[in-house]
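Participant: This is the structure I have questions about; it appears just below.
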Amino acid sequence: METETGRKATLIVLSGDFEKLFAAFTIATGSAAMGMEVMMFFTFWGIRAIKKDVRTGKSLFGRMVGVLEGGDINKANPSKYGFLGMGRWMFKKMMKNKNVAQLEDLRKLAIELGVGMYACQTSMEVMEISRTDLIDEVNDTVGVGYMLEHAQQSDFTLFI
Amino acid sequence: MAEEARQEIKADQKINLEGLLCPIPVVRVSQAVKNLAVGGILEATATDPGVLADIPAWARSTGNEVIAMNRDGKIITFFVKRLK
């Protein structure tokens, strides 16, 4: 991706919590707007952010994870005030009332701005998530080496 | 900025960012400026007070210029010139 400034940012997204994903996509879109080349590396719970609304898993445990971690980015719950989805509903409503962009819209904007979306291969193996379970816009599934190469060239790296 | 001064600036494009919150204003400005020719001027109106700090920071980072910024009640009007 061509950038005007030559600066780079790496965001490692481990969390699948609503507010952390919100922060991650806000920083990613903001960094792209600031003329940076941005990589988002999604690992473990963070994979929710780039997953389709599908059931995943093959083995018994894998399918259990698939049920418990079911749904896509729109099913991300806040780390506080979970209340079986009440907190999610409440925050979404509050944010909508204040005209704050929704998580899915921010992700769409990030993709539009050319933010690189990468999934952690190992997390996908462990959680039994396949490439077809992820949204088509994901650039690639990679390992820590690929992410670290980008992180070394970056002006900042965030672990979220 | 006085009303007369603002009228002297001729914008090539105008965008309305009223009601939008961070990070959307800075993203929309960056996208709009890319569509201008170098030397072109973008005029924007916004209501998020965050733009008062964000837009100048964006301009410094990307090598563009905020040529004027004015707050009139809730409405913030600013002009950005594409320098490169």
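Naming works like this for the structure tokens: A, B, ... for the chains as they're shown, residue 1 at the start of each chain, ligands 1 onward in shown order.
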Residues of chain B within 12 Å of chain A: nearest atom pair and distance (Å, one decimal) for each, counting only C-alpha atoms, sorted by chain and number, as CSV?
Facilitator:
```
residue,atom,partner,partner_atom,distance
B:Leu17,CA,A:Asn99,CA,11.4
B:Glu18,CA,A:Asn99,CA,10.2
B:Gly19,CA,A:Asn99,CA,6.6
B:Leu20,CA,A:Asn99,CA,6.2
B:Leu21,CA,A:Val100,CA,5.7
B:Cys22,CA,A:Val100,CA,7.7
B:Pro23,CA,A:Gly30,CA,5.8
B:Ile24,CA,A:Ala101,CA,7.7
B:Pro25,CA,A:Gly30,CA,9.6
B:Val26,CA,A:Ala33,CA,6.5
B:Val27,CA,A:Ala33,CA,5.0
B:Arg28,CA,A:Ala33,CA,8.2
B:Val29,CA,A:Ala33,CA,8.2
B:Ser30,CA,A:Ala33,CA,5.5
B:Gln31,CA,A:Ala33,CA,7.5
B:Ala32,CA,A:Ala33,CA,10.6
B:Val33,CA,A:Ala33,CA,10.5
B:Lys34,CA,A:Glu4,CA,10.2
B:Thr47,CA,A:Asn99,CA,11.5
B:Asp48,CA,A:Asn99,CA,10.8
B:Asp54,CA,A:Gly30,CA,10.0
B:Ile55,CA,A:Met34,CA,9.9
B:Pro56,CA,A:Met34,CA,11.1
B:Ala57,CA,A:Met34,CA,8.7
B:Trp58,CA,A:Met34,CA,5.7
B:Ala59,CA,A:Met34,CA,8.3
B:Arg60,CA,A:Met34,CA,9.3
B:Ser61,CA,A:Met34,CA,6.3
B:Thr62,CA,A:Met34,CA,6.1
B:Gly63,CA,A:Thr5,CA,8.4
B:Asn64,CA,A:Met34,CA,10.7
B:Leu83,CA,A:Glu4,CA,11.5
B:Lys84,CA,A:Glu4,CA,8.5
```
Participant: Can those selected residues be exported to a file as a compact mmCIF listing (two decimals), in the first residue's frame so that it contains N, CA, C and O atoms?
Facilitator:
```txt
# COMPACT_ATOMS: atom_id res chain seq x y z
N LEU B 17 -19.25 17.58 8.05
CA LEU B 17 -18.89 16.55 9.04
C LEU B 17 -19.69 16.73 10.32
O LEU B 17 -19.34 16.16 11.36
N GLU B 18 -20.74 17.51 10.25
CA GLU B 18 -21.52 17.82 11.45
C GLU B 18 -22.19 16.57 12.00
O GLU B 18 -22.76 15.78 11.25
N GLY B 19 -22.07 16.39 13.31
CA GLY B 19 -22.67 15.23 13.97
C GLY B 19 -21.76 14.01 14.01
O GLY B 19 -22.05 13.04 14.68
N LEU B 20 -20.66 14.06 13.27
CA LEU B 20 -19.76 12.90 13.23
C LEU B 20 -18.68 13.02 14.30
O LEU B 20 -18.18 14.10 14.57
N LEU B 21 -18.34 11.87 14.89
CA LEU B 21 -17.34 11.86 15.95
C LEU B 21 -16.09 11.11 15.52
O LEU B 21 -16.09 10.39 14.51
N CYS B 22 -15.03 11.26 16.32
CA CYS B 22 -13.74 10.62 16.08
C CYS B 22 -13.93 9.13 15.85
O CYS B 22 -14.67 8.50 16.60
N PRO B 23 -13.27 8.49 14.88
CA PRO B 23 -12.21 9.03 14.01
C PRO B 23 -12.72 9.52 12.65
O PRO B 23 -11.92 9.79 11.78
N ILE B 24 -14.05 9.60 12.48
CA ILE B 24 -14.60 9.86 11.14
C ILE B 24 -14.17 11.21 10.55
O ILE B 24 -13.77 11.24 9.38
N PRO B 25 -14.23 12.33 11.30
CA PRO B 25 -13.84 13.60 10.67
C PRO B 25 -12.44 13.58 10.05
O PRO B 25 -12.27 13.99 8.89
N VAL B 26 -11.47 13.07 10.78
CA VAL B 26 -10.09 13.07 10.26
C VAL B 26 -9.96 12.13 9.05
O VAL B 26 -9.25 12.42 8.09
N VAL B 27 -10.71 11.04 9.09
CA VAL B 27 -10.68 10.08 7.96
C VAL B 27 -11.29 10.73 6.72
O VAL B 27 -10.71 10.67 5.63
N ARG B 28 -12.44 11.35 6.91
CA ARG B 28 -13.12 11.98 5.76
C ARG B 28 -12.30 13.13 5.18
O ARG B 28 -12.25 13.33 3.96
N VAL B 29 -11.63 13.90 6.04
CA VAL B 29 -10.77 14.99 5.57
C VAL B 29 -9.62 14.42 4.75
O VAL B 29 -9.31 14.90 3.67
N SER B 30 -9.01 13.36 5.27
CA SER B 30 -7.86 12.77 4.56
C SER B 30 -8.30 12.25 3.18
O SER B 30 -7.59 12.41 2.19
N GLN B 31 -9.51 11.66 3.13
CA GLN B 31 -10.00 11.13 1.86
C GLN B 31 -10.32 12.27 0.88
O GLN B 31 -9.99 12.21 -0.30
N ALA B 32 -10.96 13.32 1.41
CA ALA B 32 -11.36 14.44 0.54
C ALA B 32 -10.14 15.17 0.00
O ALA B 32 -10.11 15.55 -1.18
N VAL B 33 -9.11 15.35 0.84
CA VAL B 33 -7.91 16.07 0.41
C VAL B 33 -7.18 15.30 -0.69
O VAL B 33 -6.63 15.90 -1.62
N LYS B 34 -7.23 13.97 -0.61
CA LYS B 34 -6.59 13.15 -1.64
C LYS B 34 -7.23 13.37 -3.01
O LYS B 34 -6.58 13.16 -4.04
N THR B 47 -18.98 19.45 14.11
CA THR B 47 -19.48 19.80 15.45
C THR B 47 -18.68 19.11 16.56
O THR B 47 -18.84 19.45 17.72
N ASP B 48 -17.83 18.16 16.19
CA ASP B 48 -17.01 17.46 17.19
C ASP B 48 -15.85 18.38 17.60
O ASP B 48 -14.98 18.67 16.79
N ASP B 54 -7.40 17.66 16.40
CA ASP B 54 -7.10 16.56 15.47
C ASP B 54 -6.71 17.01 14.07
O ASP B 54 -5.79 16.45 13.47
N ILE B 55 -7.43 17.98 13.55
CA ILE B 55 -7.16 18.39 12.16
C ILE B 55 -5.78 19.06 12.02
O ILE B 55 -5.02 18.69 11.11
N PRO B 56 -5.40 19.99 12.93
CA PRO B 56 -4.02 20.51 12.85
C PRO B 56 -2.96 19.41 13.00
O PRO B 56 -1.94 19.42 12.30
N ALA B 57 -3.20 18.43 13.88
CA ALA B 57 -2.24 17.32 14.07
C ALA B 57 -2.16 16.48 12.79
O ALA B 57 -1.07 16.09 12.36
N TRP B 58 -3.31 16.24 12.19
CA TRP B 58 -3.35 15.48 10.93
C TRP B 58 -2.55 16.24 9.85
O TRP B 58 -1.77 15.63 9.12
N ALA B 59 -2.76 17.56 9.79
CA ALA B 59 -2.09 18.36 8.77
C ALA B 59 -0.56 18.34 8.98
O ALA B 59 0.20 18.17 8.03
N ARG B 60 -0.12 18.46 10.25
CA ARG B 60 1.32 18.40 10.54
C ARG B 60 1.91 17.05 10.14
O ARG B 60 3.00 16.97 9.59
N SER B 61 1.17 15.99 10.41
CA SER B 61 1.66 14.64 10.12
C SER B 61 1.72 14.33 8.64
O SER B 61 2.57 13.57 8.20
N THR B 62 0.78 14.88 7.89
CA THR B 62 0.69 14.52 6.48
C THR B 62 1.29 15.59 5.57
O THR B 62 1.31 15.42 4.35
N GLY B 63 1.76 16.69 6.17
CA GLY B 63 2.39 17.74 5.36
C GLY B 63 1.41 18.61 4.60
O GLY B 63 1.72 19.13 3.53
N ASN B 64 0.21 18.75 5.15
CA ASN B 64 -0.77 19.66 4.56
C ASN B 64 -0.94 20.86 5.49
O ASN B 64 -0.27 20.95 6.51
N LEU B 83 -0.93 20.39 0.26
CA LEU B 83 0.40 20.87 -0.10
C LEU B 83 1.21 19.83 -0.87
O LEU B 83 2.19 20.16 -1.54
N LYS B 84 0.86 18.55 -0.70
CA LYS B 84 1.61 17.53 -1.46
C LYS B 84 0.79 16.28 -1.68
O LYS B 84 -0.33 16.16 -1.18
```
Participant: If you run DSSP on the backbone here, which positions in segment 3-43 of chain B get strand (DSSP E)? Please write them as a CSV table (one decimal) with N, CA and C atoms, in the first residue's frame.
Facilitator:
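Result saved to selection_2.csv:
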```csv
chain,number,residue,atom,x,y,z
B,13,GLN,N,-13.7,22.3,-2.7
B,13,GLN,CA,-14.6,21.3,-2.3
B,13,GLN,C,-15.1,21.6,-0.9
B,14,LYS,N,-16.3,21.3,-0.6
B,14,LYS,CA,-16.9,21.4,0.7
B,14,LYS,C,-17.4,20.1,1.2
B,15,ILE,N,-17.2,19.8,2.5
B,15,ILE,CA,-17.8,18.6,3.1
B,15,ILE,C,-18.4,19.0,4.4
B,16,ASN,N,-19.4,18.2,4.7
B,16,ASN,CA,-20.2,18.4,6.0
B,16,ASN,C,-19.9,17.3,6.9
B,17,LEU,N,-19.2,17.6,8.1
B,17,LEU,CA,-18.9,16.5,9.0
B,17,LEU,C,-19.7,16.7,10.3
B,41,ILE,N,-8.1,23.6,-2.1
B,41,ILE,CA,-8.6,23.9,-0.8
B,41,ILE,C,-9.9,23.2,-0.4
B,42,LEU,N,-9.9,22.6,0.7
B,42,LEU,CA,-11.1,21.9,1.2
B,42,LEU,C,-11.7,22.7,2.3
B,43,GLU,N,-13.0,22.9,2.3
B,43,GLU,CA,-13.7,23.5,3.4
B,43,GLU,C,-14.6,22.5,4.1
```
Participant: Could you tell me which of A:Gly143, A:Ser130, A:Leu103, A:Glu19 comes closest to Gly87 of chain A if we count only C-alpha atoms?
Facilitator: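 For Gly87 of chain A, the nearest of the candidates is A:Glu19.
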Participant: Nearest residue to Ile9 of chain B out of B:Ile75, B:Ala53, B:Leu36, B:Met69, using only C-alpha atoms?
Facilitator: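 Checking each of B:Ile75, B:Ala53, B:Leu36, B:Met69 against Ile9 of chain B, counting only C-alpha atoms, the winner is B:Met69.
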Participant: Which residues come within 8 Å of Lys75 of chain A, counting only C-alpha atoms, excluding same-chain residues fewer than 4 positions away, as a ChimeraX atom specification?
Facilitator: /A:70-71,88
Participant: Mind writing the picked residues with C-alpha atoms as a PDB file, in the first residue's frame?
Facilitator:
```pdb
ATOM      1  CA  GLY A  70     -20.341 -17.808  18.164  1.00  0.00           C
ATOM      2  CA  GLY A  71     -21.212 -14.876  15.963  1.00  0.00           C
ATOM      3  CA  ARG A  88     -23.608  -4.806  24.283  1.00  0.00           C
TER       4      ARG A  88
END
```
Participant: Please provide as a ChimeraX atom specification all residues within 9 Å of Ser123 of chain A, with the sequence filter that same-chain residues fewer than 6 positions apart are discarded (counting only C-alpha atoms).
Facilitator: /A:42-45,47,129
Participant: Would you pick out the contacts of segment 53-55 of chain A at 10 Å or less, using only C-alpha atoms, so that residues sharing its chain but fewer than 4 positions from it are not included, and give the list as a ChimeraX atom specification?
Facilitator: /A:48,63-75,129,132-135
Participant: Can you list, as a PyMOL selection string, every residue of segment 86-152 of chain A that DSSP puts in helix (DSSP H, G or I)?
Facilitator: chain A and resi 86-97+103-112+121-127+131-133+144-152
Participant: Just to confirm, what's the straight-line distance from atom CA of Leu158 of chain A to atom CA of Ala24 of chain A in Å (one decimal)?
Facilitator: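 Taking atom CA of Leu158 of chain A as the start and atom CA of Ala24 of chain A as the end point, the length is 8.8 Å.
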Participant: Report, in Å to a single decimal, how far apart atom CA of Ala49 of chain A and atom CA of Glu104 of chain A are.
Facilitator: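 So the answer is 8.6 Å.
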Participant: In Å, with one decimal, what is the gap from atom CA of Gly40 of chain B to atom CA of Asp12 of chain B?
Facilitator: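 Taking atom CA of Gly40 of chain B as the start and atom CA of Asp12 of chain B as the end point, the length is 6.1 Å.
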Participant: Pick from A:Thr157, A:Leu14, A:Asn77, A:Met39: nearest to Val115 of chain A, with only C-alpha atoms counted?
Facilitator: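 Closest to Val115 of chain A of all the choices is A:Met39.
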Participant: For Trp89 of chain A, list every protein, DNA or RNA residue within 12 Å, evaluated using only C-alpha atoms, and leave out those in the same chain fewer than 4 positions away; present the list as a PDB file with C-alpha atoms, in the first residue's frame.
Facilitator:
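Just written: around.pdb:
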```pdb
ATOM      1  CA  PHE A  18     -16.295  -4.714  22.280  1.00  0.00           C
ATOM      2  CA  ASN A  74     -21.485  -7.624  16.037  1.00  0.00           C
ATOM      3  CA  LYS A  75     -21.601 -10.149  18.887  1.00  0.00           C
ATOM      4  CA  ALA A  76     -18.580  -8.713  20.695  1.00  0.00           C
ATOM      5  CA  ASN A  77     -19.451  -8.043  24.341  1.00  0.00           C
ATOM      6  CA  PRO A  78     -17.959  -5.293  26.511  1.00  0.00           C
ATOM      7  CA  TYR A  81     -21.531  -4.984  32.153  1.00  0.00           C
ATOM      8  CA  GLY A  82     -21.894  -8.140  30.085  1.00  0.00           C
ATOM      9  CA  PHE A  83     -25.295  -9.140  31.499  1.00  0.00           C
ATOM     10  CA  LEU A  84     -25.873 -11.763  28.784  1.00  0.00           C
ATOM     11  CA  GLY A  85     -25.701  -9.244  25.957  1.00  0.00           C
ATOM     12  CA  LYS A  93     -27.708   2.157  21.615  1.00  0.00           C
ATOM     13  CA  MET A  94     -25.740   4.848  23.456  1.00  0.00           C
ATOM     14  CA  MET A  95     -23.171   5.057  20.682  1.00  0.00           C
ATOM     15  CA  LYS A  96     -25.845   5.171  18.002  1.00  0.00           C
ATOM     16  CA  GLN A 102     -20.565   1.122  14.708  1.00  0.00           C
TER      17      GLN A 102
END
```
